[in-house]
>>> print(open('start11.tsv').read())   # TSV, C-alpha atoms and all ligand atoms
chain	number	residue	atom	x	y	z
A	898	MET	CA	-16.37	8.40	19.42
A	899	PRO	CA	-17.63	4.83	18.93
A	900	ILE	CA	-15.49	2.78	16.55
A	901	PRO	CA	-17.49	1.11	13.75
A	902	GLU	CA	-17.71	-2.63	14.28
A	903	ILE	CA	-16.06	-4.68	11.60
A	904	LEU	CA	-18.33	-7.66	12.09
A	905	THR	CA	-21.70	-5.87	12.19
A	906	SER	CA	-23.26	-5.22	8.79
A	907	VAL	CA	-24.88	-1.93	7.79
A	908	SER	CA	-28.26	-3.58	8.44
A	909	GLY	CA	-27.13	-4.54	11.97
A	910	GLU	CA	-26.54	-8.26	11.35
A	911	LYS	CA	-23.68	-9.93	13.25
A	912	ILE	CA	-21.15	-11.62	10.97
A	913	THR	CA	-19.97	-14.90	12.45
A	914	THR	CA	-18.50	-16.92	9.57
A	915	LYS	CA	-15.91	-16.31	6.90
A	916	GLU	CA	-18.57	-17.05	4.26
A	917	GLN	CA	-20.78	-14.22	5.58
A	918	TRP	CA	-17.73	-11.98	5.77
A	919	GLU	CA	-16.79	-12.63	2.13
A	920	THR	CA	-20.33	-12.60	0.72
A	921	TYR	CA	-21.67	-9.53	2.52
A	922	ARG	CA	-19.57	-7.55	4.93
A	923	ARG	CA	-16.24	-7.36	3.10
A	924	LYS	CA	-18.02	-6.17	-0.05
A	925	GLU	CA	-19.98	-3.60	1.96
A	926	ILE	CA	-16.78	-2.28	3.57
A	927	MET	CA	-14.97	-2.07	0.22
A	928	ALA	CA	-17.91	-0.16	-1.32
A	929	LEU	CA	-17.86	2.29	1.60
A	930	PHE	CA	-14.10	2.86	1.27
A	931	GLU	CA	-14.46	3.33	-2.48
A	932	ASN	CA	-17.35	5.75	-2.33
A	933	PHE	CA	-16.35	7.80	0.70
A	934	VAL	CA	-12.56	7.61	0.93
A	935	TYR	CA	-10.38	6.40	-1.96
A	936	GLY	CA	-12.78	6.79	-4.90
A	937	VAL	CA	-14.06	4.32	-7.48
A	938	ARG	CA	-11.72	3.16	-10.25
A	939	PRO	CA	-13.28	3.62	-13.71
A	940	ILE	CA	-11.44	0.57	-15.07
A	941	GLU	CA	-9.43	-2.41	-13.89
A	942	ARG	CA	-7.10	-4.15	-16.38
A	943	PRO	CA	-7.26	-2.31	-19.75
A	944	THR	CA	-7.93	-4.66	-22.68
A	945	ASP	CA	-5.03	-3.17	-24.64
A	946	LEU	CA	-2.47	-3.57	-21.82
A	947	ALA	CA	0.99	-4.41	-23.23
A	948	PHE	CA	4.52	-4.67	-21.84
A	949	GLU	CA	8.01	-4.02	-23.16
A	950	ALA	CA	10.86	-5.22	-21.00
A	951	THR	CA	14.63	-4.88	-21.31
A	952	GLN	CA	17.17	-6.19	-18.86
A	953	GLU	CA	20.74	-5.55	-17.83
A	954	LYS	CA	22.71	-8.25	-16.01
A	955	ASN	CA	25.34	-7.35	-13.39
A	956	TRP	CA	23.88	-3.87	-13.00
A	957	LEU	CA	26.60	-1.49	-11.66
A	958	GLY	CA	28.80	-4.57	-11.19
A	959	LEU	CA	26.61	-5.68	-8.28
A	960	GLY	CA	25.57	-9.13	-9.49
A	961	ILE	CA	22.00	-7.86	-9.85
A	962	THR	CA	19.74	-7.93	-12.89
A	963	ARG	CA	17.84	-4.71	-13.51
A	964	LYS	CA	14.73	-4.81	-15.65
A	965	THR	CA	13.10	-1.75	-17.18
A	966	VAL	CA	9.48	-2.44	-18.00
A	967	THR	CA	7.25	-0.08	-19.95
A	968	ILE	CA	3.56	-0.70	-19.27
A	969	ARG	CA	1.39	0.58	-22.15
A	970	PHE	CA	-2.36	1.17	-22.46
A	971	ALA	CA	-4.68	3.69	-24.13
A	972	GLY	CA	-1.80	5.31	-26.03
A	973	TYR	CA	-0.10	6.06	-22.68
A	974	SER	CA	2.61	4.40	-20.61
A	975	PHE	CA	4.46	4.31	-17.31
A	976	LYS	CA	7.62	2.52	-16.24
A	977	THR	CA	8.57	0.17	-13.46
A	978	TYR	CA	12.08	-0.98	-12.57
A	979	GLY	CA	12.69	-4.53	-11.39
A	980	PHE	CA	15.71	-5.96	-9.53
A	981	LEU	CA	16.75	-9.52	-8.71
A	982	ALA	CA	19.98	-11.41	-8.16
A	983	ASP	CA	21.75	-12.49	-11.36
A	984	ASP	CA	21.85	-16.05	-10.05
A	985	ALA	CA	18.18	-16.19	-8.93
A	986	LYS	CA	16.62	-19.51	-9.95
A	987	GLY	CA	13.21	-18.22	-11.11
A	988	ASN	CA	9.78	-18.00	-9.50
A	989	ILE	CA	10.95	-15.83	-6.59
A	990	PRO	CA	8.75	-13.70	-4.30
A	991	CYS	CA	8.97	-9.96	-4.79
A	992	PHE	CA	8.01	-6.54	-3.49
A	993	ASP	CA	5.90	-4.11	-5.55
A	994	TYR	CA	7.11	-0.72	-4.23
A	995	ILE	CA	5.43	2.61	-5.01
A	996	MET	CA	7.90	5.52	-5.10
A	997	HIS	CA	6.12	8.84	-4.66
A	998	GLU	CA	7.39	12.31	-5.49
A	999	ALA	CA	8.45	13.23	-1.97
A	1000	GLN	CA	10.94	10.39	-2.50
A	1001	SER	CA	11.73	11.12	-6.17
A	1002	ASN	CA	10.81	13.91	-8.58
A	1003	LYS	CA	10.12	13.94	-12.31
A	1004	SER	CA	13.63	14.78	-13.50
A	1005	GLN	CA	15.10	12.07	-11.28
A	1006	ILE	CA	12.78	9.53	-12.90
A	1007	GLU	CA	14.22	10.44	-16.26
A	1008	ASP	CA	17.84	9.96	-15.19
A	1009	ASP	CA	17.11	7.11	-12.74
A	1010	SER	CA	18.77	8.90	-9.83
A	1011	PHE	CA	15.50	8.32	-7.97
A	1012	LEU	CA	17.04	5.07	-6.82
A	1013	ASN	CA	19.21	7.05	-4.42
A	1014	CYS	CA	16.36	9.12	-3.02
A	1015	VAL	CA	14.97	6.67	-0.56
A	1016	TYR	CA	16.39	3.79	1.35
A	1017	ILE	CA	15.45	0.66	-0.54
A	1018	ASP	CA	17.88	-2.05	0.37
A	1019	ILE	CA	18.07	-3.52	-3.14
A	1020	LEU	CA	21.27	-5.46	-2.44
A	1021	GLU	CA	19.96	-7.09	0.73
A	1022	ILE	CA	16.54	-7.80	-0.83
A	1023	CYS	CA	18.22	-9.58	-3.76
A	1024	ARG	CA	20.75	-11.37	-1.54
A	1025	ARG	CA	17.90	-12.81	0.54
A	1026	GLY	CA	16.24	-14.31	-2.55
A	1027	TYR	CA	13.56	-11.69	-3.22
A	1028	GLY	CA	13.02	-9.31	-6.12
A	1029	ILE	CA	11.64	-5.79	-6.07
A	1030	PHE	CA	9.82	-3.62	-8.60
A	1031	ILE	CA	9.98	0.13	-7.98
A	1032	THR	CA	7.36	2.31	-9.67
A	1033	PRO	CA	7.65	6.10	-9.65
A	1034	THR	CA	4.23	7.69	-9.30
A	1035	TYR	CA	4.64	10.78	-11.48
A	1036	PRO	CA	3.38	9.30	-14.79
A	1037	LEU	CA	0.43	7.61	-13.04
A	1038	ALA	CA	-0.78	10.70	-11.21
A	1039	PRO	CA	1.33	13.75	-10.33
A	1040	ASP	CA	1.20	14.53	-6.63
A	1041	TRP	CA	-1.14	17.18	-5.22
A	1042	ASP	CA	1.36	20.02	-5.00
A	1043	SER	CA	1.70	20.10	-8.79
A	1044	HIS	CA	-1.99	21.14	-8.92
A	1045	CYS	CA	-2.87	18.96	-11.87
A	1046	ASN	CA	-6.49	18.77	-10.72
A	1047	TYR	CA	-6.87	15.29	-12.15
A	1048	ARG	CA	-6.02	16.54	-15.66
A	1049	GLU	CA	-2.69	14.72	-16.01
A	1050	GLY	CA	-1.47	11.16	-15.59
A	1051	ILE	CA	-3.97	8.37	-16.14
A	1052	TYR	CA	-7.11	10.28	-15.08
A	1053	PRO	CA	-7.98	11.84	-18.49
A	1054	LEU	CA	-7.63	8.43	-20.18
A	1055	TYR	CA	-10.66	6.97	-18.46
A	1056	ASP	CA	-12.48	9.77	-16.61
A	1057	THR	CA	-15.16	11.39	-18.68
A	1058	GLU	CA	-16.40	13.57	-15.84
A	1059	ARG	CA	-15.28	13.95	-12.24
A	1060	LYS	CA	-17.83	12.81	-9.65
A	1061	PRO	CA	-17.77	13.10	-5.85
A	1062	ASN	CA	-16.74	9.43	-5.68
A	1063	SER	CA	-14.26	9.45	-8.59
A	1064	TRP	CA	-10.85	7.94	-7.97
A	1065	ALA	CA	-8.02	10.11	-6.70
A	1066	THR	CA	-4.27	9.86	-6.26
A	1067	ILE	CA	-3.93	6.97	-3.79
A	1068	SER	CA	-6.35	4.96	-5.91
A	1069	ALA	CA	-4.57	5.79	-9.18
A	1070	TRP	CA	-1.20	4.78	-7.73
A	1071	SER	CA	-2.60	1.53	-6.34
A	1072	TRP	CA	-4.09	0.81	-9.77
A	1073	GLY	CA	-0.53	1.15	-11.10
A	1074	LEU	CA	0.72	-1.46	-8.60
A	1075	SER	CA	-1.89	-3.86	-9.97
A	1076	ARG	CA	-0.71	-3.25	-13.53
A	1077	VAL	CA	2.85	-4.06	-12.37
A	1078	LEU	CA	1.45	-7.32	-11.01
A	1079	ASP	CA	-0.11	-7.94	-14.45
A	1080	TYR	CA	3.43	-7.72	-15.84
A	1081	ILE	CA	4.90	-9.93	-13.11
A	1082	GLU	CA	2.38	-12.61	-14.11
A	1083	THR	CA	4.13	-12.77	-17.48
A	1084	ASP	CA	7.71	-12.99	-16.11
A	1085	ALA	CA	8.90	-16.46	-15.01
A	1086	ASP	CA	11.65	-14.92	-12.88
A	1087	PHE	CA	8.96	-14.06	-10.31
A	1088	ASP	CA	6.16	-15.88	-8.54
A	1089	ALA	CA	3.03	-13.78	-9.11
A	1090	SER	CA	1.26	-15.47	-6.20
A	1091	ARG	CA	3.88	-14.07	-3.77
A	1092	VAL	CA	3.92	-10.35	-4.52
A	1093	ILE	CA	3.94	-7.90	-1.61
A	1094	THR	CA	2.83	-4.29	-2.11
A	1095	CYS	CA	5.02	-1.84	-0.26
A	1096	GLY	CA	5.38	1.88	0.30
A	1097	HIS	CA	6.36	4.55	2.77
A	1098	SER	CA	3.94	7.14	4.15
A	1099	ARG	CA	1.54	8.13	1.30
A	1100	GLY	CA	3.08	5.10	-0.42
A	1101	GLY	CA	2.08	2.96	2.60
A	1102	LYS	CA	-1.52	4.13	2.26
A	1103	THR	CA	-1.28	3.10	-1.42
A	1104	ALA	CA	0.20	-0.31	-0.61
A	1105	LEU	CA	-2.68	-1.10	1.78
A	1106	TRP	CA	-5.38	0.06	-0.64
A	1107	ALA	CA	-3.75	-1.89	-3.49
A	1108	ALA	CA	-3.80	-5.15	-1.51
A	1109	ALA	CA	-7.38	-4.54	-0.36
A	1110	THR	CA	-8.62	-3.90	-3.92
A	1111	ASP	CA	-6.61	-6.60	-5.68
A	1112	THR	CA	-6.75	-9.93	-3.88
A	1113	ARG	CA	-4.09	-11.38	-6.18
A	1114	PHE	CA	-1.53	-9.64	-3.95
A	1115	TYR	CA	-0.04	-11.96	-1.38
A	1116	SER	CA	0.49	-9.22	1.21
A	1117	ALA	CA	1.06	-5.51	1.91
A	1118	ILE	CA	3.65	-3.51	3.85
A	1119	SER	CA	2.68	-0.16	5.30
A	1120	ASN	CA	5.75	1.82	6.40
A	1121	CYS	CA	4.63	4.78	8.55
A	1122	SER	CA	1.37	5.16	6.58
A	1123	GLY	CA	-0.48	7.07	9.33
A	1124	CYS	CA	-3.66	9.00	8.55
A	1125	THR	CA	-5.98	7.16	6.11
A	1126	GLY	CA	-3.36	4.42	6.00
A	1127	ALA	CA	-3.04	2.01	8.92
A	1128	ALA	CA	-3.88	4.44	11.76
A	1129	LEU	CA	-7.35	4.35	13.30
A	1130	LEU	CA	-8.87	7.78	12.59
A	1131	ARG	CA	-11.14	7.99	15.61
A	1132	GLY	CA	-9.19	9.33	18.57
A	1133	LYS	CA	-6.04	9.68	16.51
A	1134	LEU	CA	-3.30	12.17	17.42
A	1135	GLY	CA	-1.39	14.20	14.84
A	1136	GLU	CA	-2.94	14.35	11.38
A	1137	HIS	CA	-6.72	14.30	10.92
A	1138	ILE	CA	-9.00	14.07	7.89
A	1139	LYS	CA	-9.20	17.85	7.53
A	1140	ASP	CA	-5.40	18.11	7.44
A	1141	ILE	CA	-4.93	15.41	4.83
A	1142	ASN	CA	-7.66	16.76	2.59
A	1143	ILE	CA	-5.48	19.69	1.56
A	1144	THR	CA	-4.10	17.09	-0.87
A	1145	ASP	CA	-5.97	15.46	-3.75
A	1146	TRP	CA	-5.23	11.95	-2.52
A	1147	PHE	CA	-8.83	11.02	-1.69
A	1148	CYS	CA	-12.19	11.44	-3.38
A	1149	GLU	CA	-14.31	14.56	-2.99
A	1150	ASN	CA	-16.79	12.76	-0.72
A	1151	TYR	CA	-14.02	12.34	1.87
A	1152	HIS	CA	-14.00	16.10	2.41
A	1153	SER	CA	-17.45	15.85	4.06
A	1154	PHE	CA	-15.71	14.19	6.98
A	1155	ASN	CA	-13.32	17.06	7.77
A	1156	ASP	CA	-13.82	17.61	11.51
A	1157	ASN	CA	-16.53	15.00	11.24
A	1158	GLU	CA	-14.69	11.70	11.70
A	1159	GLU	CA	-17.53	10.19	13.69
A	1160	MET	CA	-19.83	10.29	10.65
A	1161	LEU	CA	-17.49	8.20	8.49
A	1162	PRO	CA	-19.03	4.72	8.13
A	1163	VAL	CA	-15.61	3.03	8.14
A	1164	ASP	CA	-12.30	3.33	9.95
A	1165	GLN	CA	-8.85	2.06	9.08
A	1166	HIS	CA	-8.99	-1.19	11.06
A	1167	MET	CA	-11.46	-2.24	8.35
A	1168	LEU	CA	-8.86	-1.61	5.66
A	1169	LEU	CA	-6.51	-4.06	7.37
A	1170	ALA	CA	-9.41	-6.47	7.79
A	1171	ALA	CA	-10.07	-6.28	4.04
A	1172	ILE	CA	-6.57	-7.68	3.48
A	1173	ALA	CA	-7.21	-10.65	5.81
A	1174	PRO	CA	-6.62	-13.57	5.84
A	1175	ARG	CA	-3.49	-12.66	3.87
A	1176	PRO	CA	-0.44	-11.58	5.87
A	1177	CYS	CA	0.18	-7.88	6.31
A	1178	TYR	CA	2.89	-5.71	7.91
A	1179	VAL	CA	2.38	-2.40	9.69
A	1180	ALA	CA	5.60	-0.60	10.68
A	1181	SER	CA	5.80	2.58	12.74
A	1182	ALA	CA	8.41	4.99	14.08
A	1183	SER	CA	8.54	6.08	17.72
A	1184	GLU	CA	8.78	9.83	16.98
A	1185	ASP	CA	6.25	9.85	14.13
A	1186	GLU	CA	3.53	11.68	16.05
A	1187	TRP	CA	1.85	12.99	12.87
A	1188	ALA	CA	1.19	9.38	11.79
A	1189	ASP	CA	0.49	8.20	15.38
A	1190	PRO	CA	2.12	4.77	15.96
A	1191	LYS	CA	-0.33	3.90	18.75
A	1192	ALA	CA	-3.27	4.42	16.37
A	1193	GLU	CA	-1.53	2.21	13.80
A	1194	ARG	CA	-1.17	-0.55	16.38
A	1195	LEU	CA	-4.79	-0.10	17.46
A	1196	SER	CA	-5.99	-0.88	13.92
A	1197	CYS	CA	-3.84	-4.01	13.94
A	1198	ARG	CA	-5.40	-5.11	17.22
A	1199	LEU	CA	-8.96	-4.46	16.01
A	1200	ALA	CA	-8.52	-6.27	12.68
A	1201	LYS	CA	-7.79	-9.50	14.55
A	1202	GLU	CA	-11.42	-10.57	14.61
A	1203	VAL	CA	-11.49	-11.09	10.85
A	1204	TYR	CA	-8.30	-13.17	10.94
A	1205	ALA	CA	-9.99	-15.20	13.68
A	1206	LEU	CA	-12.85	-16.08	11.27
A	1207	TYR	CA	-10.20	-17.92	9.25
A	1208	GLY	CA	-8.62	-19.57	12.30
A	1209	LYS	CA	-5.69	-17.13	12.07
A	1210	THR	CA	-4.18	-14.90	14.70
A	1211	GLY	CA	-3.80	-11.47	13.09
A	1212	ALA	CA	-1.38	-9.27	15.06
A	1213	ILE	CA	0.10	-10.61	18.29
A	1214	LEU	CA	1.03	-7.54	20.30
A	1215	PRO	CA	1.50	-6.97	24.04
A	1216	ASP	CA	-0.56	-4.34	25.86
A	1217	GLU	CA	0.21	-0.84	24.68
A	1218	SER	CA	2.12	-0.01	27.89
A	1219	GLU	CA	4.44	-2.96	27.19
A	1220	ILE	CA	5.28	-2.23	23.57
A	1221	LYS	CA	9.06	-2.16	23.09
A	1222	PHE	CA	10.73	-0.23	20.31
A	1223	ASP	CA	13.13	-1.92	17.87
A	1224	THR	CA	11.46	-5.24	18.60
A	1225	ALA	CA	9.95	-7.60	16.04
A	1226	TYR	CA	6.34	-8.60	16.70
A	1227	HIS	CA	6.24	-11.30	14.07
A	1228	ALA	CA	4.42	-14.18	15.71
A	1229	GLY	CA	1.03	-13.44	14.12
A	1230	ASP	CA	-0.15	-12.96	10.52
A	1231	VAL	CA	0.12	-9.18	10.89
A	1232	GLY	CA	3.72	-8.21	11.61
A	1233	HIS	CA	4.76	-5.06	13.41
A	1234	HIS	CA	7.78	-3.16	14.70
A	1235	THR	CA	8.19	0.38	15.90
A	1236	LYS	CA	11.67	1.62	15.17
A	1237	THR	CA	13.22	4.29	17.37
A	1238	GLY	CA	13.30	7.50	15.38
A	1239	VAL	CA	11.41	9.64	12.94
A	1240	HIS	CA	9.12	9.16	9.94
A	1241	GLY	CA	11.14	7.28	7.31
A	1242	ILE	CA	12.18	3.95	5.84
A	1243	ILE	CA	15.65	2.74	6.80
A	1244	HIS	CA	17.91	-0.31	6.54
A	1245	SER	CA	16.53	-1.95	9.69
A	1246	ASP	CA	12.95	-1.76	8.37
A	1247	TRP	CA	13.93	-4.00	5.45
A	1248	ASN	CA	15.57	-6.52	7.77
A	1249	TYR	CA	12.31	-6.79	9.73
A	1250	TYR	CA	10.29	-7.18	6.52
A	1251	LEU	CA	12.56	-9.87	5.11
A	1252	ASP	CA	12.56	-11.81	8.40
A	1253	PHE	CA	8.77	-11.66	8.61
A	1254	PHE	CA	8.22	-12.80	5.02
A	1255	ASP	CA	10.82	-15.57	5.31
A	1256	LYS	CA	8.67	-16.89	8.14
A	1257	GLU	CA	5.33	-16.38	6.36
A	1258	LEU	CA	6.46	-17.82	3.03
A	1259	ALA	CA	7.81	-20.95	4.74
A	1260	LYS	CA	4.30	-21.80	6.01
A	1301	LIG	C1	2.44	14.36	4.86
A	1301	LIG	C2	1.03	13.86	5.04
A	1301	LIG	C3	1.02	12.39	5.49
A	1301	LIG	C4	1.85	11.58	4.54
A	1301	LIG	C5	3.23	12.17	4.40
A	1301	LIG	C6	4.11	11.50	3.36
A	1301	LIG	O1	3.09	14.41	6.10
A	1301	LIG	O2	0.40	14.67	5.99
A	1301	LIG	O3	-0.29	11.88	5.52
A	1301	LIG	O4	1.87	10.23	4.97
A	1301	LIG	O5	3.13	13.52	3.99
A	1301	LIG	O6	3.62	10.86	2.47
A	1301	LIG	O7	5.32	11.69	3.45
>>> encode(input="start11.tsv", output="structure tokens", more="lines below")
Ligand code: GCU
Amino acid sequence: MPIPEILTSVSGEKITTKEQWETYRRKEIMALFENFVYGVRPIERPTDLAFEATQEKNWLGLGITRKTVTIRFAGYSFKTYGFLADDAKGNIPCFDYIMHEAQSNKSQIEDDSFLNCVYIDILEICRRGYGIFITPTYPLAPDWDSHCNYREGIYPLYDTERKPNSWATISAWSWGLSRVLDYIETDADFDASRVITCGHSRGGKTALWAAATDTRFYSAISNCSGCTGAALLRGKLGEHIKDINITDWFCENYHSFNDNEEMLPVDQHMLLAAIAPRPCYVASASEDEWADPKAERLSCRLAKEVYALYGKTGAILPDESEIKFDTAYHAGDVGHHTKTGVHGIIHSDWNYYLDFFDKELAK
């Protein structure tokens, strides 16, 4: 199955400069992803967007400030929860983490016990001088197994009728990450030009799409995002388009490509390329065959040519046969590690992320 070329336009022109990339090809690729994969957002920042924030110092006696932010629009709202060290000096970089329902459910959001549902190393993140906002997905768009059929969450606020290219769950969640960034722009504790989207699995797909659609984001972290995240679809092992389309994560048009990957005009290396020249991080797990770590690394390798247009390196990885597990590949602008183990986000993942961003932010 031939892999679509990132630097050849739909009309067959070769793209050789960053100006051509930005003016033509990147826009073309984004339109293809919107119309055939993630769906088109009906709105960007709502004109009536408003925030209410409260904060608690020394949360749980940990020397951490916890902020609860309600983000309101169109008579609706969702919440995000921010964390930073009590003694942080202002203007710090931060992560914008999407917490999906496989990591937290609706009742846990109400009593905040969702914070124990997934490994987010809040203490270490704050100790290293970063902040983090954690946004549960339920109010934005309930996940597919609650069968809401796009009738709950933010869809009914802006969708008058569903079309084959209408937005779907991953797009709605990534829209939420952008609204969190709108809040961060108003809070002097954080530096809005150094915000990193982050998520695990379906959250990793969301983090990548959020950074591709909103260029205000400094970077994205994909933790085990797999199919329709970082992994190249063509030739992929494990999950395929037909498997993932049992969910309602992608637009209706994407279903045409079930068992028909070769007809899709894009592949996931182009999603990473759409984030270039900004830094990006793709993390995998050695036993995560459903996501396919090798296919995730292949996208990283193929996205390099867009970084090169900017005089940047992209990912610096050894040949596939020489990849070592539990090893940081941080030399390039696209960081990578494959941890030994299964699909998940664990303490060591955060250490790799913090090390990589310490290096990138010092540039
Ligand atoms: C399923 C799905 C994956 C997804 C994962 C998750 O395994 O097939 O595509 O990444 O759930 O989000 O946990």
>>> residues_around(input="start11.tsv", residues="Ala1225 (chain A)", least_positions_apart="2", cutoff="8 Å", atoms="only C-alpha atoms", output="PDB file with C-alpha atoms, in the frame of the given file")
ATOM      1  CA  ASP A1223      13.130  -1.920  17.870  1.00  0.00           C
ATOM      2  CA  HIS A1227       6.240 -11.300  14.070  1.00  0.00           C
ATOM      3  CA  GLY A1232       3.720  -8.210  11.610  1.00  0.00           C
ATOM      4  CA  HIS A1233       4.760  -5.060  13.410  1.00  0.00           C
ATOM      5  CA  HIS A1234       7.780  -3.160  14.700  1.00  0.00           C
ATOM      6  CA  TYR A1249      12.310  -6.790   9.730  1.00  0.00           C
TER       7      TYR A1249
END
>>> residues_around(input="start11.tsv", residues="Gly1241 (chain A)", least_positions_apart="3", cutoff="10 Å", atoms="all atoms listed in the file", output="number ranges by chain")
A: 1015-1016, 1097-1098, 1120-1121, 1181-1182, 1185, 1236, 1238, 1246
>>> residues_around(input="start11.tsv", residues="Gln917 (chain A)", least_positions_apart="6", cutoff="10 Å", atoms="all atoms listed in the file", output="list in words")
Leu904, Ser906, Lys911, Arg923 and Leu1206 of chain A
>>> residues_around(input="start11.tsv", residues="Glu1159 (chain A)", least_positions_apart="2", cutoff="9 Å", atoms="only C-alpha atoms", output="ChimeraX atom specification")
/A:898-900,1131,1154,1156-1157,1161-1162
>>> residues_near_ligand(input="start11.tsv", ligand="ligand LIG 1301 (chain A)", cutoff="12 Å", atoms="all atoms listed in the file", output="PDB file with C-alpha atoms, in the coordinates of the input")
ATOM      1  CA  ILE A 995       5.430   2.610  -5.010  1.00  0.00           C
ATOM      2  CA  MET A 996       7.900   5.520  -5.100  1.00  0.00           C
ATOM      3  CA  HIS A 997       6.120   8.840  -4.660  1.00  0.00           C
ATOM      4  CA  GLU A 998       7.390  12.310  -5.490  1.00  0.00           C
ATOM      5  CA  ALA A 999       8.450  13.230  -1.970  1.00  0.00           C
ATOM      6  CA  GLN A1000      10.940  10.390  -2.500  1.00  0.00           C
ATOM      7  CA  SER A1001      11.730  11.120  -6.170  1.00  0.00           C
ATOM      8  CA  VAL A1015      14.970   6.670  -0.560  1.00  0.00           C
ATOM      9  CA  ASP A1040       1.200  14.530  -6.630  1.00  0.00           C
ATOM     10  CA  TRP A1041      -1.140  17.180  -5.220  1.00  0.00           C
ATOM     11  CA  ASP A1042       1.360  20.020  -5.000  1.00  0.00           C
ATOM     12  CA  THR A1066      -4.270   9.860  -6.260  1.00  0.00           C
ATOM     13  CA  ILE A1067      -3.930   6.970  -3.790  1.00  0.00           C
ATOM     14  CA  GLY A1096       5.380   1.880   0.300  1.00  0.00           C
ATOM     15  CA  HIS A1097       6.360   4.550   2.770  1.00  0.00           C
ATOM     16  CA  SER A1098       3.940   7.140   4.150  1.00  0.00           C
ATOM     17  CA  ARG A1099       1.540   8.130   1.300  1.00  0.00           C
ATOM     18  CA  GLY A1100       3.080   5.100  -0.420  1.00  0.00           C
ATOM     19  CA  GLY A1101       2.080   2.960   2.600  1.00  0.00           C
ATOM     20  CA  LYS A1102      -1.520   4.130   2.260  1.00  0.00           C
ATOM     21  CA  THR A1103      -1.280   3.100  -1.420  1.00  0.00           C
ATOM     22  CA  SER A1119       2.680  -0.160   5.300  1.00  0.00           C
ATOM     23  CA  ASN A1120       5.750   1.820   6.400  1.00  0.00           C
ATOM     24  CA  CYS A1121       4.630   4.780   8.550  1.00  0.00           C
ATOM     25  CA  SER A1122       1.370   5.160   6.580  1.00  0.00           C
ATOM     26  CA  GLY A1123      -0.480   7.070   9.330  1.00  0.00           C
ATOM     27  CA  CYS A1124      -3.660   9.000   8.550  1.00  0.00           C
ATOM     28  CA  THR A1125      -5.980   7.160   6.110  1.00  0.00           C
ATOM     29  CA  GLY A1126      -3.360   4.420   6.000  1.00  0.00           C
ATOM     30  CA  ALA A1127      -3.040   2.010   8.920  1.00  0.00           C
ATOM     31  CA  ALA A1128      -3.880   4.440  11.760  1.00  0.00           C
ATOM     32  CA  LEU A1130      -8.870   7.780  12.590  1.00  0.00           C
ATOM     33  CA  GLY A1135      -1.390  14.200  14.840  1.00  0.00           C
ATOM     34  CA  GLU A1136      -2.940  14.350  11.380  1.00  0.00           C
ATOM     35  CA  HIS A1137      -6.720  14.300  10.920  1.00  0.00           C
ATOM     36  CA  ILE A1138      -9.000  14.070   7.890  1.00  0.00           C
ATOM     37  CA  LYS A1139      -9.200  17.850   7.530  1.00  0.00           C
ATOM     38  CA  ASP A1140      -5.400  18.110   7.440  1.00  0.00           C
ATOM     39  CA  ILE A1141      -4.930  15.410   4.830  1.00  0.00           C
ATOM     40  CA  ASN A1142      -7.660  16.760   2.590  1.00  0.00           C
ATOM     41  CA  ILE A1143      -5.480  19.690   1.560  1.00  0.00           C
ATOM     42  CA  THR A1144      -4.100  17.090  -0.870  1.00  0.00           C
ATOM     43  CA  ASP A1145      -5.970  15.460  -3.750  1.00  0.00           C
ATOM     44  CA  TRP A1146      -5.230  11.950  -2.520  1.00  0.00           C
ATOM     45  CA  PHE A1147      -8.830  11.020  -1.690  1.00  0.00           C
ATOM     46  CA  SER A1181       5.800   2.580  12.740  1.00  0.00           C
ATOM     47  CA  ASP A1185       6.250   9.850  14.130  1.00  0.00           C
ATOM     48  CA  GLU A1186       3.530  11.680  16.050  1.00  0.00           C
ATOM     49  CA  TRP A1187       1.850  12.990  12.870  1.00  0.00           C
ATOM     50  CA  ALA A1188       1.190   9.380  11.790  1.00  0.00           C
ATOM     51  CA  ASP A1189       0.490   8.200  15.380  1.00  0.00           C
ATOM     52  CA  VAL A1239      11.410   9.640  12.940  1.00  0.00           C
ATOM     53  CA  HIS A1240       9.120   9.160   9.940  1.00  0.00           C
ATOM     54  CA  GLY A1241      11.140   7.280   7.310  1.00  0.00           C
ATOM     55  CA  ILE A1242      12.180   3.950   5.840  1.00  0.00           C
TER      56      ILE A1242
END
>>> atom_distance(input="start11.tsv", atom1="CA of Pro1174 (chain A)", atom2="CA of Thr905 (chain A)")
18.1 Å
>>> atom_distance(input="start11.tsv", atom1="CA of Phe1254 (chain A)", atom2="CA of Tyr1178 (chain A)")
9.3 Å
>>> closest_atom_pairs(input="start11.tsv", of="region 1136-1253 of chain A", to="region 1056-1060 of chain A", cutoff="12 Å", atoms="only C-alpha atoms", output="tab-separated table")
residue	atom	partner	partner_atom	distance
A:Cys1148	CA	A:Lys1060	CA	8.5
A:Glu1149	CA	A:Lys1060	CA	7.7
A:Asn1150	CA	A:Lys1060	CA	9.0
>>> residues_around(input="start11.tsv", residues="Pro1215 (chain A)", least_positions_apart="6", cutoff="10 Å", atoms="all atoms listed in the file", output="list in words")
Arg1198, Lys1221 and Tyr1226 of chain A
>>> closest_residue(input="start11.tsv", among="A:Ala1212, A:Ile1022, A:Ala950, A:Ile968", to="Phe980 (chain A)", atoms="only C-alpha atoms")
A:Ile1022
